[in-house]
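Asks: Input: one structure, supplied below.
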Amino acid sequence: MTDAAHDAELSIPEGVLLGHALVARLADSLGIRVFFIKGPASVLQGLRPAKVSSDVDVYVDPAMLDDLLEGLRARGWRERPADPDQKTFPKHSVTVDHPEWPCCLDLHFRFPGMEKPSADCFETLWANTVDMDLAGQRLRVPAKPLGILFLALHALRSPELPACHQELQYLTGLIQGQSQAEALLDLASATGSLAAMRPFLENLVSEGLTVAWPEPSPEWRNRVAAREPGSARIIALLQAPWRDKPRLLWRAVFPRTEVFLSGNIYADMSFLGRLRQHRSRWVRFSKAVPRLVRDLRGLRSAGE
């Protein structure tokens, strides 16, 4: 590689900022409403400590997702392989990459924990966005209460992880300091995310305020419980009707090619490569069995 070619390569921070500008301009030219979540916007708003984002998270009007994808394909972006099992792994975004870019674009059309229909939910979200100057563009980003909602829901999927625990603690201090709890409560109610947000919000709302906390959906309970390798498939297998269990078991033991490529698009898919991939999966699963059994017991208790 020549020095000129090396100098022309984008760094990840550069790619993320330019990715924001690219999507914003493309969406504007196509008349598609988009806004950017998490990432550098949340840092500039003071919603999280400074950190380097590795991809671009954009929330797209669900009715226009295919149009935006078509526009990106025309510019060399391609969809990354994804697990085709939509029942075990309900899809909420489409990830695209480009061979000449160091980062991916993650196009969200819904967000885990928000249970309202995607079209209705988007209208609520869009009404709670603001303009921000970023990457040389005027971009739409969540207003602070909505930005907190996105970050909290993301962290609540895996609250046992140190990074997620720290993020929830940071957001808690922010809300206590800025009295955002009631606005956040209203947004959680409007987007159908009260159940998912309860562990975070319950101790933040004022004592005189009565909240009718709904039960979390099966999808959210399963998502939070699926902490270990293979646990999501086991949960789906246990909850499936008997007529579906043989098919799910077969796919758990012999996953499709997309399952391997979803974790690594450069995975070796030759015969020997597949054998190594299978061996690695079973090693990870075996090590996780004790914790997996504990988590499944917790899920069963939560559902009773």
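Chain labels run A, B, ... following the order of the structure tokens; each chain numbers its residues from 1, and ligands are numbered from 1 in the order shown.
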Extract, using only C-alpha atoms, all DNA, RNA and protein residues at most 10 Å from Asp131 (chain A), discarding same-chain residues fewer than 5 positions from it, and format them as a PyMOL selection string.

Replies: chain A and resi 35+137-143

Asks: So that I can check the secondary structure, give me every residue of region 142-300 of chain A assigned helix (DSSP H, G or I) by backbone DSSP, as a ChimeraX atom specification.

Replies: /A:144-156,162-178,181-191,194-201,218-225,231-239,242-253,257-263,271-300

Asks: Skip Trp77 (chain A) itself and residues of its chain fewer than 2 positions away, then list as a list in words all residues within 7 Å of it, counting only C-alpha atoms.

Replies: Leu72, Arg73, Arg75, Glu79, Val96, Asp97 and His98 of chain A

Asks: What's the separation between CA of Leu18 (chain A) and CA of Ala74 (chain A), in Å to one decimal place?

Replies: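 Separation between CA of Leu18 (chain A) and CA of Ala74 (chain A): 17.5 Å.
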
Asks: Could you tell me which of A:Ser93, A:Gln166, A:Ser42, A:Gln239 comes closest to Val58 (chain A) if we count only C-alpha atoms?

Replies: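 Closest to Val58 (chain A), using only C-alpha atoms: A:Ser93.
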
Asks: What lies within 12 Å of Gln45 (chain A) using only C-alpha atoms, ignoring chain neighbours under 6 positions off, as a PyMOL selection string?

Replies: chain A and resi 37-39+130-134+141-148+174

Asks: Do you know which residues are at most 12 Å from region 123-127 of chain A counting only C-alpha atoms, after dropping those on the same chain fewer than 5 positions away, and could you put them as a VMD selection string?

Replies: chain A and resid 32 to 37 59 to 63 109 to 111 114 116 to 118 140 to 147 149 to 150 186 to 192

Asks: Hey, can you spit out that residue selection with C-alpha atoms as a PDB file, in the first residue's frame?

Replies:
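File written: selection_23.pdb
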```pdb
ATOM      1  CA  ILE A  32     -36.892  10.630   4.502  1.00  0.00           C
ATOM      2  CA  ARG A  33     -37.092  11.584   8.164  1.00  0.00           C
ATOM      3  CA  VAL A  34     -34.142  10.310  10.184  1.00  0.00           C
ATOM      4  CA  PHE A  35     -32.531  11.234  13.476  1.00  0.00           C
ATOM      5  CA  PHE A  36     -29.316  10.060  15.115  1.00  0.00           C
ATOM      6  CA  ILE A  37     -29.221   8.274  18.453  1.00  0.00           C
ATOM      7  CA  TYR A  59     -33.432   5.940  13.549  1.00  0.00           C
ATOM      8  CA  VAL A  60     -35.388   5.841  10.288  1.00  0.00           C
ATOM      9  CA  ASP A  61     -39.064   6.390   9.561  1.00  0.00           C
ATOM     10  CA  PRO A  62     -40.133   2.700   9.341  1.00  0.00           C
ATOM     11  CA  ALA A  63     -42.271   3.358   6.265  1.00  0.00           C
ATOM     12  CA  PHE A 109     -36.767   1.030  12.558  1.00  0.00           C
ATOM     13  CA  ARG A 110     -37.806   0.171  16.114  1.00  0.00           C
ATOM     14  CA  PHE A 111     -36.043   0.002  19.474  1.00  0.00           C
ATOM     15  CA  MET A 114     -40.533   0.307  23.110  1.00  0.00           C
ATOM     16  CA  LYS A 116     -45.916   0.759  20.750  1.00  0.00           C
ATOM     17  CA  PRO A 117     -46.455  -0.001  17.020  1.00  0.00           C
ATOM     18  CA  SER A 118     -43.388   1.167  15.117  1.00  0.00           C
ATOM     19  CA  ARG A 140     -31.828  15.856  13.989  1.00  0.00           C
ATOM     20  CA  VAL A 141     -31.076  14.215  17.339  1.00  0.00           C
ATOM     21  CA  PRO A 142     -33.208  13.298  20.372  1.00  0.00           C
ATOM     22  CA  ALA A 143     -34.012  16.035  22.851  1.00  0.00           C
ATOM     23  CA  LYS A 144     -32.302  15.291  26.173  1.00  0.00           C
ATOM     24  CA  PRO A 145     -35.164  13.323  27.821  1.00  0.00           C
ATOM     25  CA  LEU A 146     -35.499  11.126  24.734  1.00  0.00           C
ATOM     26  CA  GLY A 147     -31.737  10.711  24.510  1.00  0.00           C
ATOM     27  CA  LEU A 149     -34.555   7.049  27.268  1.00  0.00           C
ATOM     28  CA  PHE A 150     -32.564   5.504  24.404  1.00  0.00           C
ATOM     29  CA  ASP A 186     -44.127  10.679  29.995  1.00  0.00           C
ATOM     30  CA  LEU A 187     -41.944   9.535  27.098  1.00  0.00           C
ATOM     31  CA  ALA A 188     -41.727   6.000  28.450  1.00  0.00           C
ATOM     32  CA  SER A 189     -45.518   5.892  28.662  1.00  0.00           C
ATOM     33  CA  ALA A 190     -45.996   7.321  25.153  1.00  0.00           C
ATOM     34  CA  THR A 191     -43.569   4.820  23.588  1.00  0.00           C
ATOM     35  CA  GLY A 192     -44.755   1.787  25.545  1.00  0.00           C
TER      36      GLY A 192
END
```
